[in-house]
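Below: run.txt (compact mmCIF, C-alpha atoms)
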# COMPACT_ATOMS: atom_id res chain seq x y z
CA MET A 280 -42.72 6.79 -28.22
CA ASN A 281 -39.50 5.18 -29.24
CA GLN A 282 -37.67 8.27 -28.14
CA ARG A 283 -39.34 8.18 -24.74
CA LYS A 284 -38.37 4.55 -24.34
CA LYS A 285 -34.81 5.43 -25.21
CA GLN A 286 -34.85 8.27 -22.73
CA ARG A 287 -36.17 6.00 -20.02
CA LYS A 288 -33.45 3.49 -20.74
CA ASN A 289 -30.99 6.37 -20.53
CA GLN A 290 -32.25 7.25 -17.07
CA TRP A 291 -31.46 3.83 -15.73
CA SER A 292 -28.00 3.67 -17.24
CA ASN A 293 -27.28 7.21 -16.02
CA GLU A 294 -28.33 6.21 -12.54
CA LEU A 295 -26.16 3.12 -12.66
CA ASN A 296 -23.23 5.24 -13.82
CA ASP A 297 -23.80 7.63 -10.92
CA ILE A 298 -23.79 4.77 -8.43
CA ILE A 299 -20.66 3.21 -9.90
CA ARG A 300 -18.96 6.61 -9.90
CA GLY A 301 -19.86 6.98 -6.24
CA ALA A 302 -18.58 3.51 -5.42
CA SER A 303 -15.34 4.19 -7.30
CA GLY A 304 -14.75 7.35 -5.28
CA GLY A 305 -15.45 5.36 -2.13
CA PHE A 306 -12.89 2.72 -3.06
CA LEU A 307 -10.22 5.33 -3.75
CA PHE A 308 -10.73 7.00 -0.41
CA GLY A 309 -11.62 4.02 1.72
CA ILE A 310 -9.29 1.23 0.61
CA PRO A 311 -6.22 2.26 2.67
CA LEU A 312 -8.38 2.21 5.80
CA LEU A 313 -9.64 -1.25 4.91
CA TYR A 314 -6.05 -2.45 5.17
CA THR A 315 -5.60 -1.05 8.67
CA MET A 316 -6.05 -3.52 11.49
CA GLU A 317 -6.67 -0.82 14.06
CA VAL A 318 -9.92 -0.02 12.28
CA TRP A 319 -10.94 -3.70 12.40
CA TRP A 320 -10.31 -3.62 16.13
CA ILE A 321 -12.45 -0.54 16.66
CA GLY A 322 -15.29 -2.70 15.45
CA SER A 323 -14.56 -5.21 18.19
CA TYR A 324 -15.06 -2.88 21.12
CA THR A 325 -17.38 -0.10 20.01
CA THR A 326 -20.67 0.22 21.83
CA PRO A 327 -23.93 0.66 19.91
CA ALA A 328 -24.20 4.22 21.27
CA GLU A 329 -20.84 5.12 19.75
CA MET A 330 -21.87 3.52 16.46
CA SER A 331 -25.00 5.67 16.35
CA ILE A 332 -22.97 8.81 17.02
CA ALA A 333 -20.53 7.81 14.25
CA ILE A 334 -23.37 7.40 11.76
CA ALA A 335 -24.92 10.74 12.74
CA THR A 336 -21.60 12.62 12.50
CA THR A 337 -20.82 11.11 9.12
CA PHE A 338 -24.28 12.00 7.88
CA ILE A 339 -23.62 15.66 8.62
CA VAL A 340 -20.15 15.63 7.02
CA VAL A 341 -21.32 13.73 3.93
CA PHE A 342 -24.29 16.09 3.64
CA LEU A 343 -22.01 19.13 3.61
CA LEU A 344 -19.68 17.48 1.10
CA THR A 345 -22.61 16.54 -1.12
CA ARG A 346 -23.67 20.18 -1.17
CA THR A 347 -20.38 21.08 -2.84
CA GLU A 348 -19.14 17.88 -4.50
CA GLY A 349 -21.38 14.81 -4.51
CA PHE A 350 -21.20 11.79 -6.78
CA ARG A 351 -23.75 12.87 -9.37
CA LYS A 352 -23.13 15.06 -12.40
CA THR A 353 -25.57 17.70 -11.20
CA LYS A 354 -24.12 20.78 -9.57
CA ASP A 355 -25.89 23.23 -7.23
CA ILE A 356 -28.28 20.80 -5.68
CA ARG A 357 -30.87 21.82 -3.12
CA TRP A 358 -31.00 20.84 0.55
CA LEU A 359 -33.55 18.07 0.12
CA GLU A 360 -31.69 16.51 -2.81
CA ALA A 361 -28.44 16.76 -0.91
CA ALA A 362 -30.08 14.88 1.98
CA ILE A 363 -31.34 12.17 -0.38
CA ASP A 364 -27.90 11.85 -1.99
CA THR A 365 -26.35 11.64 1.47
CA VAL A 366 -28.46 8.62 2.36
CA GLU A 367 -27.42 7.03 -0.93
CA ALA A 368 -23.75 7.85 -0.40
CA ILE A 369 -23.76 6.24 3.04
CA ALA A 370 -25.58 3.18 1.70
CA ILE A 371 -23.06 2.80 -1.15
CA GLY A 372 -20.19 3.16 1.33
CA ILE A 373 -21.61 0.61 3.72
CA VAL A 374 -22.29 -1.95 0.98
CA CYS A 375 -18.84 -1.56 -0.64
CA ALA A 376 -17.02 -1.79 2.68
CA ALA A 377 -19.05 -4.85 3.69
CA ILE A 378 -18.24 -6.59 0.40
CA ILE A 379 -14.49 -5.95 0.72
CA LEU A 380 -14.43 -6.91 4.41
CA PHE A 381 -16.18 -10.15 3.49
CA LEU A 382 -13.77 -10.69 0.60
CA LEU A 383 -10.75 -10.19 2.87
CA ARG A 384 -12.28 -12.63 5.40
CA GLU A 385 -12.46 -9.96 8.08
CA ILE A 386 -16.16 -10.69 8.30
CA THR A 387 -17.28 -14.29 8.12
CA PRO A 388 -20.64 -15.87 8.88
CA GLU A 389 -19.23 -16.75 12.32
CA THR A 390 -18.42 -13.14 13.23
CA PRO A 391 -20.66 -11.93 16.08
CA LEU A 392 -23.23 -9.31 15.07
CA GLN A 393 -21.73 -6.49 17.11
CA GLU A 394 -18.23 -6.98 15.77
CA ALA A 395 -19.44 -7.22 12.18
CA LEU A 396 -21.56 -4.09 12.64
CA GLY A 397 -18.70 -2.14 14.16
CA LYS A 398 -16.32 -3.12 11.38
CA ILE A 399 -18.82 -2.33 8.63
CA ILE A 400 -19.75 1.02 10.15
CA PHE A 401 -16.23 2.24 10.85
CA GLU A 402 -14.93 1.05 7.48
CA GLY A 403 -18.05 2.09 5.61
CA LEU A 404 -18.24 5.66 6.82
CA PRO A 405 -14.85 6.69 5.36
CA PHE A 406 -16.09 5.03 2.16
CA ALA A 407 -19.13 7.29 2.30
CA LEU A 408 -16.83 10.33 2.45
CA GLY A 409 -15.11 9.02 -0.67
CA VAL A 410 -18.49 8.59 -2.37
CA ALA A 411 -19.35 12.20 -1.53
CA LEU A 412 -16.07 13.34 -3.10
CA ALA A 413 -16.41 11.11 -6.17
CA ARG A 414 -17.14 13.88 -8.63
CA GLY A 415 -14.03 15.75 -7.55
CA PHE A 416 -11.87 12.63 -7.77
CA LEU A 417 -13.12 11.29 -11.04
CA SER A 418 -13.97 14.28 -13.16
CA GLY A 419 -10.62 14.06 -14.93
CA ASP A 420 -10.63 13.11 -18.57
CA ARG A 421 -7.50 11.27 -19.42
CA TYR A 422 -7.58 11.81 -23.15
CA GLN A 423 -7.95 15.54 -23.01
CA SER A 424 -4.32 16.21 -23.82
CA SER A 425 -3.34 13.11 -25.72
CA ASP A 426 -6.22 13.36 -28.16
CA SER A 427 -5.28 16.79 -29.35
CA GLU A 428 -1.73 15.72 -29.99
CA LYS A 429 -2.76 12.60 -31.91
CA GLU A 430 -0.17 10.38 -30.35
CA PRO A 431 0.55 6.99 -31.91
CA THR A 432 -1.30 4.18 -30.15
CA ILE A 433 1.79 2.48 -28.82
CA ASN A 434 2.57 5.64 -26.86
CA ALA A 435 -0.95 5.68 -25.45
CA THR A 436 -0.37 2.14 -24.23
CA LEU A 437 2.94 3.10 -22.65
CA ALA A 438 1.34 6.14 -21.08
CA ASP A 439 -1.36 3.90 -19.61
CA ILE A 440 1.22 1.54 -18.16
CA GLY A 441 3.09 4.46 -16.66
CA ALA A 442 -0.06 5.99 -15.21
CA THR A 443 -1.08 2.62 -13.78
CA LEU A 444 2.33 2.23 -12.15
CA ILE A 445 2.21 5.71 -10.64
CA GLY A 446 -1.32 5.27 -9.29
CA ALA A 447 -0.63 1.77 -7.97
CA THR A 448 2.52 2.97 -6.23
CA ILE A 449 0.83 5.96 -4.62
CA VAL A 450 -1.95 3.86 -3.09
CA ALA A 451 -0.14 0.59 -2.37
CA PHE A 452 3.17 1.99 -1.13
CA ASN A 453 1.48 2.99 2.12
CA ILE A 454 0.12 -0.50 2.58
CA ALA A 455 3.02 -2.67 1.40
CA PRO A 456 5.27 -2.44 4.51
CA THR A 457 2.46 -3.02 7.03
CA ASP A 458 1.66 -6.21 8.88
CA GLU A 459 -1.85 -6.28 7.50
CA ILE A 460 -0.76 -8.01 4.30
CA PRO A 461 0.62 -11.15 6.03
CA MET A 462 -2.33 -11.08 8.45
CA LEU A 463 -4.91 -10.94 5.68
CA ALA A 464 -3.00 -13.40 3.50
CA ALA A 465 -2.97 -15.90 6.35
CA GLY A 466 -6.74 -16.09 6.37
CA ILE A 467 -7.28 -16.30 2.63
CA SER A 468 -7.69 -19.68 0.93
CA PRO A 469 -7.46 -20.34 -2.84
CA PRO A 470 -11.19 -19.84 -3.58
CA TRP A 471 -11.00 -16.43 -1.92
CA GLN A 472 -7.87 -15.61 -3.89
CA LEU A 473 -9.89 -16.17 -7.05
CA ALA A 474 -12.63 -13.94 -5.66
CA ILE A 475 -10.06 -11.20 -4.95
CA ILE A 476 -8.76 -11.42 -8.52
CA ALA A 477 -12.31 -11.09 -9.84
CA ALA A 478 -13.10 -8.17 -7.55
CA SER A 479 -9.88 -6.36 -8.51
CA LEU A 480 -10.74 -6.63 -12.20
CA VAL A 481 -14.36 -5.57 -11.75
CA ILE A 482 -13.49 -2.54 -9.59
CA SER A 483 -10.72 -1.47 -11.96
CA TYR A 484 -13.07 -1.74 -14.93
CA GLY A 485 -15.75 0.19 -13.05
CA ILE A 486 -13.46 3.06 -12.12
CA VAL A 487 -11.96 3.56 -15.57
CA PHE A 488 -14.75 2.67 -17.97
CA VAL A 489 -17.96 3.47 -16.13
CA ALA A 490 -17.18 6.17 -13.61
CA GLY A 491 -15.31 8.49 -16.00
CA PHE A 492 -17.28 11.35 -17.44
CA THR A 493 -16.76 12.39 -21.01
CA TYR A 494 -14.59 9.42 -21.65
CA GLN A 495 -17.31 7.03 -22.83
CA ALA A 496 -17.54 8.32 -26.40
CA LYS A 497 -13.82 8.81 -26.90
CA ARG A 498 -13.11 5.31 -25.75
CA GLN A 499 -14.52 4.03 -29.01
CA GLN A 500 -12.07 6.08 -31.06
CA GLN A 501 -9.02 4.84 -29.25
CA GLN A 502 -7.67 1.90 -31.21
CA GLY A 503 -4.61 -0.06 -30.25
CA ILE A 504 -3.30 -3.28 -28.82
CA PHE A 505 -4.22 -2.61 -25.21
CA GLN A 506 -6.84 0.05 -25.66
CA ARG A 507 -9.90 -2.18 -25.62
CA PRO A 508 -11.58 -1.96 -22.21
CA LEU A 509 -11.20 -5.63 -21.29
CA SER A 510 -7.61 -6.08 -22.42
CA GLU A 511 -6.65 -2.75 -20.89
CA THR A 512 -8.18 -3.79 -17.56
CA VAL A 513 -6.33 -7.09 -17.59
CA MET A 514 -3.08 -5.43 -18.63
CA ALA A 515 -3.42 -2.83 -15.87
CA TYR A 516 -4.10 -5.58 -13.34
CA LEU A 517 -0.95 -7.44 -14.33
CA VAL A 518 1.07 -4.23 -14.11
CA SER A 519 -0.39 -3.56 -10.65
CA LEU A 520 0.42 -7.10 -9.52
CA ALA A 521 4.00 -6.71 -10.68
CA ALA A 522 4.23 -3.38 -8.87
CA SER A 523 2.79 -4.99 -5.70
CA ALA A 524 5.29 -7.83 -5.80
CA PHE A 525 8.12 -5.37 -6.25
CA MET A 526 6.93 -3.15 -3.39
CA MET A 527 6.67 -6.14 -1.04
CA PHE A 528 10.17 -7.16 -2.08
CA PHE A 529 11.41 -3.60 -1.61
CA PHE A 530 10.14 -3.55 1.98
CA ARG A 531 11.62 -6.99 2.62
CA LYS A 532 8.20 -8.52 3.23
CA LEU A 533 9.03 -11.03 0.52
CA SER A 534 12.38 -12.61 -0.18
CA PHE A 535 13.59 -15.12 -2.73
CA ASP A 536 13.68 -17.78 -0.01
CA ASP A 537 9.92 -17.59 0.42
CA PRO A 538 7.87 -20.24 -1.36
CA TRP A 539 6.02 -19.12 -4.48
CA SER A 540 2.65 -19.59 -2.76
CA ILE A 541 3.51 -16.77 -0.33
CA TRP A 542 4.57 -14.53 -3.18
CA LEU A 543 1.28 -15.27 -4.91
CA ASN A 544 -0.84 -14.78 -1.81
CA TYR A 545 0.78 -11.50 -0.68
CA THR A 546 0.82 -10.12 -4.19
CA LEU A 547 -2.87 -10.82 -4.72
CA VAL A 548 -3.80 -9.24 -1.38
CA LEU A 549 -1.79 -6.09 -2.09
CA GLY A 550 -2.89 -6.23 -5.73
CA LEU A 551 -6.42 -5.13 -4.85
CA PRO A 552 -5.48 -1.66 -3.54
CA ALA A 553 -2.72 -1.39 -6.16
CA THR A 554 -5.22 -2.03 -8.97
CA ILE A 555 -7.61 0.55 -7.58
CA GLY A 556 -4.77 3.06 -7.40
CA GLY A 557 -3.70 2.12 -10.91
CA ALA A 558 -7.20 2.68 -12.24
CA ALA A 559 -7.31 6.09 -10.59
CA GLY A 560 -3.89 6.83 -12.03
CA ARG A 561 -5.08 6.17 -15.56
CA LEU A 562 -7.92 8.64 -15.02
CA THR A 563 -5.93 11.44 -13.48
CA VAL A 564 -2.32 11.25 -14.63
CA MET B 248 -24.24 17.31 -19.96
CA SER B 249 -26.37 20.44 -19.70
CA GLU B 250 -29.31 18.45 -20.99
CA SER B 251 -29.08 15.89 -18.25
CA ASN B 252 -28.58 18.77 -15.84
CA ASN B 253 -31.92 20.26 -16.75
CA GLU B 254 -33.55 16.90 -16.67
CA GLN B 255 -32.36 16.24 -13.18
CA GLN B 256 -33.28 19.63 -11.90
CA LYS B 257 -36.86 19.23 -13.08
CA LYS B 258 -37.62 16.19 -11.03
CA ARG B 259 -36.00 13.02 -9.87
CA THR B 260 -36.35 10.13 -12.28
CA PRO B 261 -37.85 6.78 -11.26
CA ALA B 262 -34.34 5.34 -11.39
CA GLU B 263 -33.20 7.84 -8.79
CA TRP B 264 -36.20 7.10 -6.58
CA LEU B 265 -35.45 3.39 -6.77
CA THR B 266 -31.85 4.02 -5.72
CA PHE B 267 -33.09 6.16 -2.87
CA ALA B 268 -35.53 3.49 -1.74
CA ILE B 269 -32.82 0.80 -1.76
CA ALA B 270 -30.36 3.14 -0.03
CA CYS B 271 -32.94 3.93 2.64
CA SER B 272 -33.63 0.26 3.26
CA ILE B 273 -29.88 -0.45 3.59
CA LEU B 274 -29.38 2.43 6.00
CA PHE B 275 -32.46 1.59 8.07
CA THR B 276 -31.42 -2.08 8.22
CA LEU B 277 -28.03 -0.98 9.51
CA ILE B 278 -29.50 1.38 12.09
CA GLY B 279 -31.99 -1.33 13.01
CA PHE B 280 -29.15 -3.77 13.66
CA VAL B 281 -27.35 -1.21 15.82
CA LEU B 282 -30.49 -0.56 17.85
CA TYR B 283 -31.24 -4.28 18.14
CA ASN B 284 -27.71 -4.82 19.33
CA TRP B 285 -28.09 -1.96 21.80
CA VAL B 286 -31.30 -3.37 23.26
CA THR B 287 -30.16 -6.98 23.48
CA LYS B 288 -26.64 -6.22 24.66
CA LYS B 289 -25.81 -7.90 27.91
CA GLN B 290 -24.54 -5.42 30.47
CA GLU B 291 -22.02 -7.73 32.01
CA PRO B 292 -18.25 -8.10 31.99
CA PRO B 293 -16.54 -10.67 29.76
CA VAL B 294 -16.86 -14.33 30.69
CA ILE B 295 -14.05 -16.33 29.16
CA SER B 296 -14.40 -20.06 28.86
CA VAL B 297 -11.74 -22.37 27.47
CA THR B 298 -12.76 -25.81 26.26
CA ARG B 299 -10.95 -28.76 24.73
CA ASN B 300 -13.28 -30.73 22.49
CA THR B 301 -10.93 -31.86 19.76
CA PRO B 302 -8.80 -34.90 20.60
CA ILE B 303 -5.06 -34.53 21.11
CA ARG B 304 -3.09 -35.05 17.89
CA GLU B 305 0.35 -36.61 17.81
CA THR B 306 2.64 -35.69 14.90
CA GLN B 307 6.42 -36.20 14.65
CA GLY B 308 6.81 -36.77 18.36
CA GLN B 309 4.91 -33.60 19.29
CA PHE B 310 1.53 -33.50 20.96
CA TYR B 311 -0.94 -30.90 19.73
CA VAL B 312 -3.66 -29.91 22.17
CA PRO B 313 -6.36 -27.90 20.35
CA PHE B 314 -8.49 -25.54 22.40
CA THR B 315 -11.45 -23.26 21.86
CA VAL B 316 -11.96 -20.03 23.73
CA THR B 317 -15.33 -18.29 23.84
CA ASN B 318 -16.49 -15.05 25.39
CA THR B 319 -19.99 -15.68 26.72
CA GLY B 320 -20.15 -12.36 28.55
CA GLY B 321 -21.40 -9.01 27.28
CA GLU B 322 -18.34 -6.85 26.78
CA THR B 323 -15.30 -7.34 24.59
CA ALA B 324 -12.11 -8.60 26.22
CA GLU B 325 -8.71 -7.53 24.97
CA SER B 326 -5.40 -9.41 25.29
CA VAL B 327 -6.98 -12.61 26.55
CA GLN B 328 -4.24 -14.78 27.99
CA ILE B 329 -4.60 -18.57 27.72
CA ILE B 330 -2.17 -20.78 29.62
CA ALA B 331 -1.64 -24.51 29.57
CA GLU B 332 0.22 -26.52 32.20
CA LEU B 333 1.15 -30.16 32.11
CA ARG B 334 1.60 -31.60 35.60
CA VAL B 335 2.96 -35.02 36.30
CA ASN B 336 2.91 -36.08 39.94
CA GLY B 337 2.08 -32.52 41.00
CA GLU B 338 5.08 -31.03 39.23
CA VAL B 339 4.73 -28.67 36.27
CA LEU B 340 6.78 -30.28 33.52
CA GLU B 341 5.75 -28.13 30.59
CA SER B 342 3.73 -25.00 30.11
CA GLY B 343 2.63 -22.80 27.27
CA ASP B 344 0.79 -19.56 26.82
CA GLN B 345 -1.14 -17.89 24.05
CA GLN B 346 -2.63 -14.42 23.68
CA ILE B 347 -5.76 -13.48 21.80
CA ASP B 348 -5.99 -9.85 20.69
CA PHE B 349 -9.70 -9.27 20.85
CA LEU B 350 -12.56 -11.49 21.87
CA SER B 351 -15.91 -9.79 21.49
CA SER B 352 -19.15 -10.99 22.98
CA GLY B 353 -20.10 -14.35 21.52
CA GLU B 354 -16.87 -14.69 19.58
CA THR B 355 -14.97 -17.98 19.44
CA GLN B 356 -11.31 -18.40 18.62
CA GLU B 357 -9.33 -21.58 18.20
CA GLY B 358 -5.71 -22.50 18.72
CA ALA B 359 -3.46 -25.27 19.95
CA PHE B 360 -0.71 -25.86 22.49
CA ILE B 361 2.22 -28.05 21.60
CA PHE B 362 3.85 -30.35 24.12
CA SER B 363 6.80 -32.65 23.74
CA ARG B 364 5.50 -35.04 26.38
CA ASP B 365 2.24 -36.93 26.11
CA PRO B 366 -0.31 -34.83 28.02
CA ARG B 367 -2.40 -37.94 28.60
CA GLN B 368 0.27 -39.23 30.95
CA GLY B 369 -0.31 -36.43 33.41
CA GLU B 370 -2.76 -33.76 34.41
CA LEU B 371 -3.36 -31.08 31.76
CA ILE B 372 -4.79 -27.70 32.71
CA VAL B 373 -5.82 -25.24 29.99
CA ARG B 374 -7.38 -22.03 31.26
CA SER B 375 -7.54 -18.31 30.67
CA SER B 376 -5.49 -16.33 33.13
CA SER B 377 -6.21 -12.69 32.36
CA TYR B 378 -7.69 -10.13 30.01
CA LYS B 379 -8.01 -6.37 29.87
CA LEU B 380 -10.89 -4.17 28.88
CA PRO B 381 -10.33 -2.19 25.70
Whole structure given in structure tokens:
Amino acid sequence: MNQRKKQRKNQWSNELNDIIRGASGGFLFGIPLLYTMEVWWIGSYTTPAEMSIAIATTFIVVFLLTRTEGFRKTKDIRWLEAAIDTVEAIAIGIVCAAIILFLLREITPETPLQEALGKIIFEGLPFALGVALARGFLSGDRYQSSDSEKEPTINATLADIGATLIGATIVAFNIAPTDEIPMLAAGISPPWQLAIIAASLVISYGIVFVAGFTYQAKRQQQQGIFQRPLSETVMAYLVSLAASAFMMFFFRKLSFDDPWSIWLNYTLVLGLPATIGGAAGRLTV
Amino acid sequence: MSESNNEQQKKRTPAEWLTFAIACSILFTLIGFVLYNWVTKKQEPPVISVTRNTPIRETQGQFYVPFTVTNTGGETAESVQIIAELRVNGEVLESGDQQIDFLSSGETQEGAFIFSRDPRQGELIVRSSSYKLP
């Protein structure tokens, strides 16, 4: 009986892991589009008929992707299961996109229904594609090579910092020179800045420590200064923030004449995609 | 991993059904909103109205005239142009213009014009002059 209870508990945590893995894949694929103002504008002028067509098209594409990739561990799933997973993938995409749009103040309680719907649908559907590709994105196991070589822990930490930098640069370099950062930063007040920090940390933690596959058990073995999940997440966030600030400076979006509040605001806004990229970097590099 | 594989292939667990139920409700809510929006959508061109409810604010010798622009029509207007003219004795002394990127149905945007003369001394006209359809 105890075993059955344990198994049941396992089911729920497995399911939660699957969902978080899906959401992580969605963030990796969808976040650059969330920082594109043209996509926000699509939401402003799309008719309900076009929205319905967009949902239907995405359903077909996500369905086909789920047949081959999907966000669950299971391979070779049948048509019906693929259809069920497709509904879930779209729902995960929609919810994640809505949360980030709300966090970035692109959707507020004052936004008219049609505009909010358009934004959520056109940002959420690319997210759903990312969810459907999650297994492909996140199946990497970052300690495969380093474990066999038995590297000293300080090197593991350095490797993590390097991987975070690479990942953060790949994702955020596309976003840093665009006008979206000042636009978004203009609408974000201090309480929302705090919310963005919290979201960055939670998403980063989710991608690295929940969505990974075989990593869970090996995580316990890894001992070192920055190898505990929480401290590693915080360290990676700080590295990503530093990388964001540098990228904004590199593209002359920030200069030393700017007040520190602008540096802070821009860096936090770009820090969200940079952290997500950094988390992915630690999984794959 | 093969164990969980078998498990999943046998039948879906309650956890998976719960996820599916929640996912379905999210998706149906979304589709419901789209349909609702479709049915209730007004089939009429944009109607732009500009109002000035907030009092004029004077700071450092400048006069700030806040305005609110609302689209009460059905369709979204793009590049909505708002102009303000300050006339004294029939002569336009100062003018300003402002553009709003997108104004969807029911949306309200706020802004302000800045004058160096007191607008209360003359006749102030704030209106929208043009828009285009996206």
Skip B:Phe349 itself and residues of its chain fewer than 5 positions away, then list as a list of chain:residue names all residues within 8 Å of it, counting only C-alpha atoms.
A:Trp320, A:Ser323, B:Thr323, B:Ala324, B:Glu325, B:Ser326, B:Val327
Listing only residues of chain A within 7 Å of chain B, what is the closest atom pair and its distance in Å (to one decimal) for each, using only C-alpha atoms, sorted by chain and residue number ascending, as JSON lines?
{"residue": "A:Gln290", "atom": "CA", "partner": "B:Ala262", "partner_atom": "CA", "distance": 6.3}
{"residue": "A:Trp291", "atom": "CA", "partner": "B:Ala262", "partner_atom": "CA", "distance": 5.4}
{"residue": "A:Glu294", "atom": "CA", "partner": "B:Ala262", "partner_atom": "CA", "distance": 6.2}
{"residue": "A:Ser323", "atom": "CA", "partner": "B:Ser351", "partner_atom": "CA", "distance": 5.8}
{"residue": "A:Tyr324", "atom": "CA", "partner": "B:Thr323", "partner_atom": "CA", "distance": 5.7}
{"residue": "A:Pro327", "atom": "CA", "partner": "B:Trp285", "partner_atom": "CA", "distance": 5.3}
{"residue": "A:Thr353", "atom": "CA", "partner": "B:Asn252", "partner_atom": "CA", "distance": 5.6}
{"residue": "A:Ile363", "atom": "CA", "partner": "B:Phe267", "partner_atom": "CA", "distance": 6.7}
{"residue": "A:Val366", "atom": "CA", "partner": "B:Ala270", "partner_atom": "CA", "distance": 6.3}
{"residue": "A:Glu367", "atom": "CA", "partner": "B:Ala270", "partner_atom": "CA", "distance": 5.0}
{"residue": "A:Ala370", "atom": "CA", "partner": "B:Ala270", "partner_atom": "CA", "distance": 5.1}
{"residue": "A:Thr390", "atom": "CA", "partner": "B:Glu354", "partner_atom": "CA", "distance": 6.7}
{"residue": "A:Pro391", "atom": "CA", "partner": "B:Glu354", "partner_atom": "CA", "distance": 5.9}
{"residue": "A:Gln393", "atom": "CA", "partner": "B:Asn284", "partner_atom": "CA", "distance": 6.6}
{"residue": "A:Glu394", "atom": "CA", "partner": "B:Ser351", "partner_atom": "CA", "distance": 6.8}
Correct to one decimal, the distance atom CA of A:Gly446-atom CA of A:Arg346 is 28.1 Å
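Proximity to A:Glu348 was assessed for A:Ile475, A:Ala368, A:Ala435, A:Phe530 counting only C-alpha atoms; the smallest distance is recorded for A:Ala368.
Closest to A:Phe528 among A:Pro456, A:Gly305, A:Gly466, A:Gly557 is A:Pro456, based on all atoms listed in the file.
Residues within 8 Å of A:Ile467, counting all atoms listed in the file and excluding same-chain residues fewer than 2 positions away, are Leu383, Arg384, Leu463, Ala464, Ala465, Pro469, Trp471, Gln472 and Asn544 of chain A.
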Would you save the residues of that selection, restricted to C-alpha atoms, as an mmCIF file, in the frame of the given file?
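Contents of the output file out-v7.cif:
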data_model
loop_
_atom_site.group_PDB
_atom_site.id
_atom_site.type_symbol
_atom_site.label_atom_id
_atom_site.label_comp_id
_atom_site.auth_asym_id
_atom_site.auth_seq_id
_atom_site.Cartn_x
_atom_site.Cartn_y
_atom_site.Cartn_z
ATOM 1 C CA LEU A 383 -10.750 -10.190 2.870
ATOM 2 C CA ARG A 384 -12.280 -12.630 5.400
ATOM 3 C CA LEU A 463 -4.910 -10.940 5.680
ATOM 4 C CA ALA A 464 -3.000 -13.400 3.500
ATOM 5 C CA ALA A 465 -2.970 -15.900 6.350
ATOM 6 C CA PRO A 469 -7.460 -20.340 -2.840
ATOM 7 C CA TRP A 471 -11.000 -16.430 -1.920
ATOM 8 C CA GLN A 472 -7.870 -15.610 -3.890
ATOM 9 C CA ASN A 544 -0.840 -14.780 -1.810
#
Just give me the gap between atom CA of A:Leu517 and atom CA of A:Leu312 in Å, one decimal is fine.
23.5 Å
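Between atom CA of A:Thr387 and atom CA of A:Ile369 the separation is 22.1 Å.
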For a quick check of understanding, using only C-alpha atoms, which of A:Val518, A:Ile339, A:Met462, A:Leu473 has the smallest distance to A:Thr365?
A:Ile339
Skipping near chain neighbours, those fewer than 4 positions away, what residues fall within 8 Å of stretch 303-308 of chain B using only C-alpha atoms, listed as an MDAnalysis selection string?
chainID B and resid 312:313 363
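Restricting the calculation to all atoms listed in the file, the smallest distance between B:Val335 and any of B:Thr287, B:Gly279, B:Arg367, B:Ser296 is found for B:Arg367.
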Mind checking which residues fall within 12 Å of A:Leu417, counting all atoms listed in the file, ignoring those fewer than 5 positions away in the same chain, and posting them as an mmCIF file with C-alpha atoms, in the frame of the given file?
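Written out: around_7.cif:
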data_model
loop_
_atom_site.group_PDB
_atom_site.id
_atom_site.type_symbol
_atom_site.label_atom_id
_atom_site.label_comp_id
_atom_site.auth_asym_id
_atom_site.auth_seq_id
_atom_site.Cartn_x
_atom_site.Cartn_y
_atom_site.Cartn_z
ATOM 1 C CA ASP A 297 -23.800 7.630 -10.920
ATOM 2 C CA ILE A 299 -20.660 3.210 -9.900
ATOM 3 C CA ARG A 300 -18.960 6.610 -9.900
ATOM 4 C CA GLY A 301 -19.860 6.980 -6.240
ATOM 5 C CA ALA A 302 -18.580 3.510 -5.420
ATOM 6 C CA SER A 303 -15.340 4.190 -7.300
ATOM 7 C CA GLY A 304 -14.750 7.350 -5.280
ATOM 8 C CA GLY A 305 -15.450 5.360 -2.130
ATOM 9 C CA PHE A 306 -12.890 2.720 -3.060
ATOM 10 C CA LEU A 307 -10.220 5.330 -3.750
ATOM 11 C CA PHE A 308 -10.730 7.000 -0.410
ATOM 12 C CA GLU A 348 -19.140 17.880 -4.500
ATOM 13 C CA GLY A 349 -21.380 14.810 -4.510
ATOM 14 C CA PHE A 350 -21.200 11.790 -6.780
ATOM 15 C CA ARG A 351 -23.750 12.870 -9.370
ATOM 16 C CA LYS A 352 -23.130 15.060 -12.400
ATOM 17 C CA GLY A 409 -15.110 9.020 -0.670
ATOM 18 C CA VAL A 410 -18.490 8.590 -2.370
ATOM 19 C CA ALA A 411 -19.350 12.200 -1.530
ATOM 20 C CA LEU A 412 -16.070 13.340 -3.100
ATOM 21 C CA GLY A 485 -15.750 0.190 -13.050
ATOM 22 C CA ILE A 486 -13.460 3.060 -12.120
ATOM 23 C CA VAL A 487 -11.960 3.560 -15.570
ATOM 24 C CA PHE A 488 -14.750 2.670 -17.970
ATOM 25 C CA VAL A 489 -17.960 3.470 -16.130
ATOM 26 C CA ALA A 490 -17.180 6.170 -13.610
ATOM 27 C CA GLY A 491 -15.310 8.490 -16.000
ATOM 28 C CA PHE A 492 -17.280 11.350 -17.440
ATOM 29 C CA THR A 493 -16.760 12.390 -21.010
ATOM 30 C CA TYR A 494 -14.590 9.420 -21.650
ATOM 31 C CA ALA A 558 -7.200 2.680 -12.240
ATOM 32 C CA ALA A 559 -7.310 6.090 -10.590
ATOM 33 C CA GLY A 560 -3.890 6.830 -12.030
ATOM 34 C CA ARG A 561 -5.080 6.170 -15.560
ATOM 35 C CA LEU A 562 -7.920 8.640 -15.020
ATOM 36 C CA THR A 563 -5.930 11.440 -13.480
ATOM 37 C CA VAL A 564 -2.320 11.250 -14.630
#
